[in-house]
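Visitor: Shown below is the structure under consideration.
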Amino acid sequence: MKALVTGGCGFIGSHMVDLLLEKGYSVVVIDNFSTGRPSNLSHHNDNERLSIYEKDICDNKGIMHLFEGVDKVFHFAALADIVPSIENPIGYHQSNVDGTISILEAAKKNNVKRIIYAASSSCYGIPDEYPTNEKAPIQPQYPYALTKNIGEQYMLHWNEIYKLPTTCMRFFNVYGPRSRTSGTYGAVFGVFLAQKLNGSPYTVVGDGTQTRDFTFVTDIADACLAASDSDACIGEVMNVGSGNTYSINRLVELLGGKVTYIPKRPGEPDCTFADITKIRKLLGWEPKVSLEDGVKAMLDQIDYWKDAPVWNPENISEATKDWFKYLS
Ligand code: UDP
């Protein structure tokens, strides 16, 4: 079997590549290295079943030939994070929407058998119900969430019109080794681990009682592989979560160390919590890694974050100016 992973040098993509290689697949990676790093896959340097191409997913002509003979596509390449999506909506639209059509067309022309799309739970905005199921209203709060949801609609539309076998996986707060370390202020794990290494206090938003459905990255990769093996989920959208929701205070307790408090950001939910009944039913998939074990795995590799920016209340306030300006 041959798989193609877009964004395969990124955080989630690189774990998908690990799993596919472990299962005996030949793997083609397309990554433009904008946030992905080749070093995320350097442990496979000697593996002849892996080939990595520095290409942009929007370059439809340039990537077309890489889809020849591919059985499964895992489309993870995207621009992430909230703040830069508010500052650069055109760039987000290009990567997350135009890039997605480009992948769909390349897959269609090459008769790919399955396409798995990394959708985002951010489409639910501030949900009315917890745990939140796939039928909850779609209410994106910022351009990143909107572009990922439009990409999802393209995936489903190509299934309806062209009968392309697509499946959308709505990931909830993915964390784990190799989560992004550089650039903009982003997901809480990278922020806290860099603070821990630097001996700085954790910048807890609000009072830290808000909760997130922190889902370990290897559980995400397992779910995507299971989806690609099943016909039951073609043309479907499925939540992928941990089956639990954990407070930021609990995360701090597991990491250990001092805290400082920063203001609550507009548009952020007090809770994210996936209803995973559907994926359990369709795939028989179960999350395996608890927050306790996941945090331990990250602490074992904490050196990965040694060059990451160290955030504090002042530089966070500066970095999130547009967030407060436009979303309040
Ligand atoms: N968070 C925090 N301090 C930070 C960054 C984030 O306490 O410096 C909290 C944030 O309020 C949220 C959780 O961590 O409850 C996850 O935030 P992240 O930005 O990773 O994901 P999202 O808010 O998009 O779910």
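Residues in the structure tokens are numbered from 1 in each chain, the chains being A, B, ... in the order shown, and ligands are numbered from 1 in the order shown.
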Show me which residues are within 9 Å of ligand 1 counting only C-alpha atoms and all ligand atoms, and format the list as a ChimeraX atom specification.
Guide: /A:81-82,121-122,172-175,185-192,202-214,247-249,261-265,268-272,311-313,316
Visitor: Just to be explicit: take each residue in the selection above, keep N, CA and C atoms, and write the result as a compact mmCIF listing (two decimals), in the first residue's frame.
Guide:
# COMPACT_ATOMS: atom_id res chain seq x y z
N ASP A 81 -3.23 27.99 13.84
CA ASP A 81 -3.19 29.10 14.80
C ASP A 81 -4.19 30.23 14.49
N ILE A 82 -4.58 30.87 15.57
CA ILE A 82 -5.66 31.86 15.48
C ILE A 82 -5.16 33.23 15.04
N SER A 121 -12.08 20.96 15.30
CA SER A 121 -13.21 21.16 16.22
C SER A 121 -13.47 22.65 16.43
N SER A 122 -12.58 23.52 15.95
CA SER A 122 -12.81 24.97 16.09
C SER A 122 -14.06 25.40 15.33
N PHE A 172 -9.76 17.39 18.16
CA PHE A 172 -9.89 18.24 19.35
C PHE A 172 -8.52 18.40 20.01
N ASN A 173 -8.07 19.63 20.22
CA ASN A 173 -6.85 19.97 20.98
C ASN A 173 -5.78 18.87 20.99
N VAL A 174 -5.16 18.71 19.84
CA VAL A 174 -4.14 17.67 19.71
C VAL A 174 -2.84 18.11 20.39
N TYR A 175 -2.23 17.21 21.14
CA TYR A 175 -0.95 17.52 21.77
C TYR A 175 -0.05 16.30 21.68
N TYR A 185 2.46 32.88 18.81
CA TYR A 185 1.87 32.40 20.05
C TYR A 185 0.76 31.41 19.70
N GLY A 186 0.86 30.19 20.22
CA GLY A 186 -0.11 29.18 19.79
C GLY A 186 -0.44 28.21 20.91
N ALA A 187 -0.66 26.98 20.52
CA ALA A 187 -1.23 25.98 21.42
C ALA A 187 -0.50 25.91 22.77
N VAL A 188 -1.30 25.64 23.78
CA VAL A 188 -0.86 25.79 25.18
C VAL A 188 0.35 24.91 25.54
N PHE A 189 0.45 23.70 24.99
CA PHE A 189 1.54 22.81 25.40
C PHE A 189 2.92 23.38 25.07
N GLY A 190 3.07 23.88 23.84
CA GLY A 190 4.35 24.47 23.43
C GLY A 190 4.69 25.66 24.31
N VAL A 191 3.67 26.46 24.60
CA VAL A 191 3.87 27.66 25.44
C VAL A 191 4.36 27.23 26.83
N PHE A 192 3.66 26.28 27.44
CA PHE A 192 3.98 25.88 28.83
C PHE A 192 5.32 25.14 28.91
N TYR A 202 3.98 29.62 34.27
CA TYR A 202 3.02 29.31 33.21
C TYR A 202 2.00 30.45 33.12
N THR A 203 1.75 30.91 31.90
CA THR A 203 0.76 31.98 31.70
C THR A 203 -0.63 31.36 31.59
N VAL A 204 -1.30 31.25 32.71
CA VAL A 204 -2.63 30.63 32.73
C VAL A 204 -3.68 31.68 32.33
N VAL A 205 -4.48 31.32 31.34
CA VAL A 205 -5.55 32.21 30.89
C VAL A 205 -6.72 32.13 31.88
N GLY A 206 -7.27 33.30 32.24
CA GLY A 206 -8.42 33.33 33.17
C GLY A 206 -8.02 32.73 34.50
N ASP A 207 -8.90 31.90 35.04
CA ASP A 207 -8.56 31.28 36.33
C ASP A 207 -8.12 29.83 36.16
N GLY A 208 -7.99 29.38 34.92
CA GLY A 208 -7.47 28.03 34.67
C GLY A 208 -8.50 26.93 34.87
N THR A 209 -9.75 27.31 35.15
CA THR A 209 -10.77 26.26 35.34
C THR A 209 -11.37 25.82 34.01
N GLN A 210 -11.08 26.57 32.94
CA GLN A 210 -11.59 26.15 31.62
C GLN A 210 -10.97 24.80 31.27
N THR A 211 -11.70 24.02 30.49
CA THR A 211 -11.23 22.67 30.20
C THR A 211 -11.10 22.45 28.69
N ARG A 212 -10.21 21.54 28.34
CA ARG A 212 -10.00 21.18 26.93
C ARG A 212 -9.95 19.67 26.79
N ASP A 213 -10.41 19.23 25.63
CA ASP A 213 -10.37 17.80 25.29
C ASP A 213 -9.00 17.51 24.68
N PHE A 214 -7.99 17.40 25.53
CA PHE A 214 -6.62 17.19 25.04
C PHE A 214 -6.48 15.75 24.52
N SER A 247 -8.95 20.38 32.91
CA SER A 247 -8.75 21.82 33.15
C SER A 247 -7.28 22.21 32.94
N ILE A 248 -7.07 23.50 32.69
CA ILE A 248 -5.70 24.02 32.56
C ILE A 248 -5.00 23.89 33.91
N ASN A 249 -5.76 24.05 35.00
CA ASN A 249 -5.15 23.88 36.33
C ASN A 249 -4.63 22.46 36.52
N TYR A 261 -1.18 34.85 35.83
CA TYR A 261 -2.48 34.82 35.15
C TYR A 261 -2.58 35.90 34.07
N ILE A 262 -3.20 35.55 32.97
CA ILE A 262 -3.40 36.52 31.89
C ILE A 262 -4.90 36.55 31.54
N PRO A 263 -5.35 37.64 30.90
CA PRO A 263 -6.80 37.77 30.68
C PRO A 263 -7.38 36.74 29.74
N LYS A 264 -8.61 36.41 29.97
CA LYS A 264 -9.37 35.52 29.11
C LYS A 264 -9.49 36.15 27.72
N ARG A 265 -9.35 35.32 26.66
CA ARG A 265 -9.40 35.86 25.31
C ARG A 265 -10.82 35.80 24.76
N GLU A 268 -13.15 32.51 23.07
CA GLU A 268 -12.68 31.16 23.40
C GLU A 268 -13.65 30.44 24.32
N PRO A 269 -13.93 29.18 24.02
CA PRO A 269 -14.90 28.45 24.83
C PRO A 269 -14.35 28.10 26.21
N ASP A 270 -15.23 27.95 27.19
CA ASP A 270 -14.79 27.52 28.52
C ASP A 270 -14.52 26.03 28.55
N CYS A 271 -15.01 25.35 27.52
CA CYS A 271 -14.83 23.89 27.50
C CYS A 271 -14.79 23.42 26.05
N THR A 272 -13.92 22.47 25.74
CA THR A 272 -14.09 21.68 24.52
C THR A 272 -14.16 20.23 24.96
N TRP A 311 7.15 32.73 26.23
CA TRP A 311 6.09 33.75 26.31
C TRP A 311 5.91 34.21 27.74
N ASN A 312 5.58 35.49 27.90
CA ASN A 312 5.25 36.04 29.21
C ASN A 312 4.05 36.97 29.03
N PRO A 313 3.45 37.45 30.13
CA PRO A 313 2.22 38.25 29.97
C PRO A 313 2.41 39.44 29.03
N ILE A 316 2.77 38.23 25.30
CA ILE A 316 1.49 37.64 24.88
C ILE A 316 0.47 38.76 24.61
Visitor: If we count only C-alpha atoms and set the cut-off at 7 Å, which residues sit around range 281-289 of chain A, ignoring sequence neighbours fewer than 5 positions away in its own chain? Please answer as a PyMOL selection string.
Guide: chain A and resi 216+219+223+226-227+232-233+242+294
Visitor: Could you check how far CA of Asp71 in chain A sits from CA of Thr167 in chain A, in Å to one decimal?
Guide: 14.3 Å
Visitor: Would you pick out the contacts of range 133-147 of chain A at 9 Å or less, using only C-alpha atoms, so that residues sharing its chain but fewer than 4 positions from it are not included, and give the list as a PyMOL selection string?
Guide: chain A and resi 79-86+88-89+92-93+95-97+120-129+151-152+170+237-239+267-268+274-278+327
Visitor: Please identify the strand (DSSP E) residues within range 14-199 of chain A (assignment by DSSP from backbone atoms) and present them as a VMD selection string.
Guide: chain A and resid 26 to 31 50 to 54 72 to 75 114 to 120 166 to 171 174 to 175
Visitor: Would you output that residue set with N, CA and C atoms, as a short mmCIF file (atom, residue, chain, number, x, y, z; two decimals), in the first residue's frame?
Guide:
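And here's result.cif as it stands now:
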data_model
loop_
_atom_site.label_atom_id
_atom_site.label_comp_id
_atom_site.auth_asym_id
_atom_site.auth_seq_id
_atom_site.Cartn_x
_atom_site.Cartn_y
_atom_site.Cartn_z
N SER A 26 4.42 2.25 1.94
CA SER A 26 5.35 3.20 1.33
C SER A 26 4.71 4.56 1.50
N VAL A 27 5.52 5.55 1.83
CA VAL A 27 4.94 6.85 2.17
C VAL A 27 5.61 7.98 1.37
N VAL A 28 4.77 8.78 0.75
CA VAL A 28 5.22 9.98 0.06
C VAL A 28 4.79 11.17 0.90
N VAL A 29 5.74 12.05 1.22
CA VAL A 29 5.41 13.24 1.99
C VAL A 29 5.53 14.48 1.11
N ILE A 30 4.52 15.33 1.17
CA ILE A 30 4.60 16.65 0.54
C ILE A 30 4.55 17.68 1.66
N ASP A 31 5.57 18.56 1.69
CA ASP A 31 5.59 19.58 2.73
C ASP A 31 6.33 20.79 2.16
N LEU A 50 10.22 5.68 2.51
CA LEU A 50 9.78 7.08 2.70
C LEU A 50 10.45 8.01 1.69
N SER A 51 9.65 8.81 0.98
CA SER A 51 10.24 9.88 0.17
C SER A 51 9.56 11.20 0.51
N ILE A 52 10.39 12.23 0.64
CA ILE A 52 9.90 13.55 1.07
C ILE A 52 10.14 14.56 -0.05
N TYR A 53 9.09 15.29 -0.40
CA TYR A 53 9.20 16.29 -1.47
C TYR A 53 8.86 17.66 -0.91
N GLU A 54 9.76 18.61 -1.15
CA GLU A 54 9.49 19.98 -0.75
C GLU A 54 8.64 20.64 -1.83
N LYS A 72 -3.90 5.87 -0.57
CA LYS A 72 -4.56 6.68 0.46
C LYS A 72 -3.86 8.02 0.61
N VAL A 73 -4.65 9.08 0.75
CA VAL A 73 -4.10 10.40 1.02
C VAL A 73 -4.53 10.85 2.41
N PHE A 74 -3.58 11.34 3.18
CA PHE A 74 -3.88 11.95 4.48
C PHE A 74 -3.54 13.43 4.33
N HIS A 75 -4.57 14.28 4.30
CA HIS A 75 -4.34 15.69 4.00
C HIS A 75 -4.26 16.51 5.28
N ARG A 114 -8.73 6.38 -0.91
CA ARG A 114 -9.27 7.01 0.31
C ARG A 114 -8.57 8.34 0.57
N ILE A 115 -9.33 9.32 1.05
CA ILE A 115 -8.75 10.61 1.45
C ILE A 115 -9.25 10.95 2.85
N ILE A 116 -8.31 11.18 3.74
CA ILE A 116 -8.64 11.53 5.11
C ILE A 116 -8.22 12.98 5.32
N TYR A 117 -9.15 13.79 5.81
CA TYR A 117 -8.92 15.23 5.96
C TYR A 117 -8.85 15.61 7.43
N ALA A 118 -7.83 16.40 7.76
CA ALA A 118 -7.69 16.91 9.13
C ALA A 118 -8.60 18.12 9.30
N ALA A 119 -9.80 17.89 9.79
CA ALA A 119 -10.73 18.99 10.07
C ALA A 119 -10.51 19.45 11.51
N SER A 120 -11.19 20.53 11.87
CA SER A 120 -10.92 21.10 13.20
C SER A 120 -12.19 21.29 14.01
N THR A 166 -13.96 10.42 0.54
CA THR A 166 -13.34 11.30 1.55
C THR A 166 -13.97 11.10 2.93
N THR A 167 -13.18 11.37 3.96
CA THR A 167 -13.66 11.35 5.35
C THR A 167 -13.03 12.53 6.09
N CYS A 168 -13.84 13.24 6.88
CA CYS A 168 -13.33 14.40 7.62
C CYS A 168 -13.24 14.06 9.11
N MET A 169 -12.08 14.32 9.69
CA MET A 169 -11.85 14.01 11.09
C MET A 169 -11.70 15.33 11.86
N ARG A 170 -12.65 15.63 12.71
CA ARG A 170 -12.57 16.88 13.49
C ARG A 170 -11.74 16.66 14.75
N PHE A 171 -10.48 17.10 14.68
CA PHE A 171 -9.56 16.91 15.80
C PHE A 171 -9.85 17.90 16.93
N VAL A 174 -5.16 18.71 19.84
CA VAL A 174 -4.14 17.67 19.71
C VAL A 174 -2.84 18.11 20.39
N TYR A 175 -2.23 17.21 21.14
CA TYR A 175 -0.95 17.52 21.77
C TYR A 175 -0.05 16.30 21.68
#
Visitor: Quick one, how far is CA of Thr35 in chain A from CA of Thr218 in chain A?
Guide: 19.7 Å
Visitor: Near range 36-41 of chain A, counting only C-alpha atoms, which residues have an atom at most 12 Å away, once you skip same-chain residues fewer than 2 positions from it, shown as a PyMOL selection string?
Guide: chain A and resi 6-19+21+27+29-34+43-47+50-56+76-80+177-183+304
Visitor: Which neighbours of Leu164 in chain A fall inside 10 Å, counting only C-alpha atoms, when residues of the same chain fewer than 5 positions from it are skipped, and could you give them as a list in words?
Guide: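 My list of contacting residues is Leu104, Glu105, Ala107, Lys108, Asn111, Val112, Lys113, Arg114, Ile115, Met155, Leu156, His157, Trp158, Asn159, Ile234 and Gly235 of chain A.
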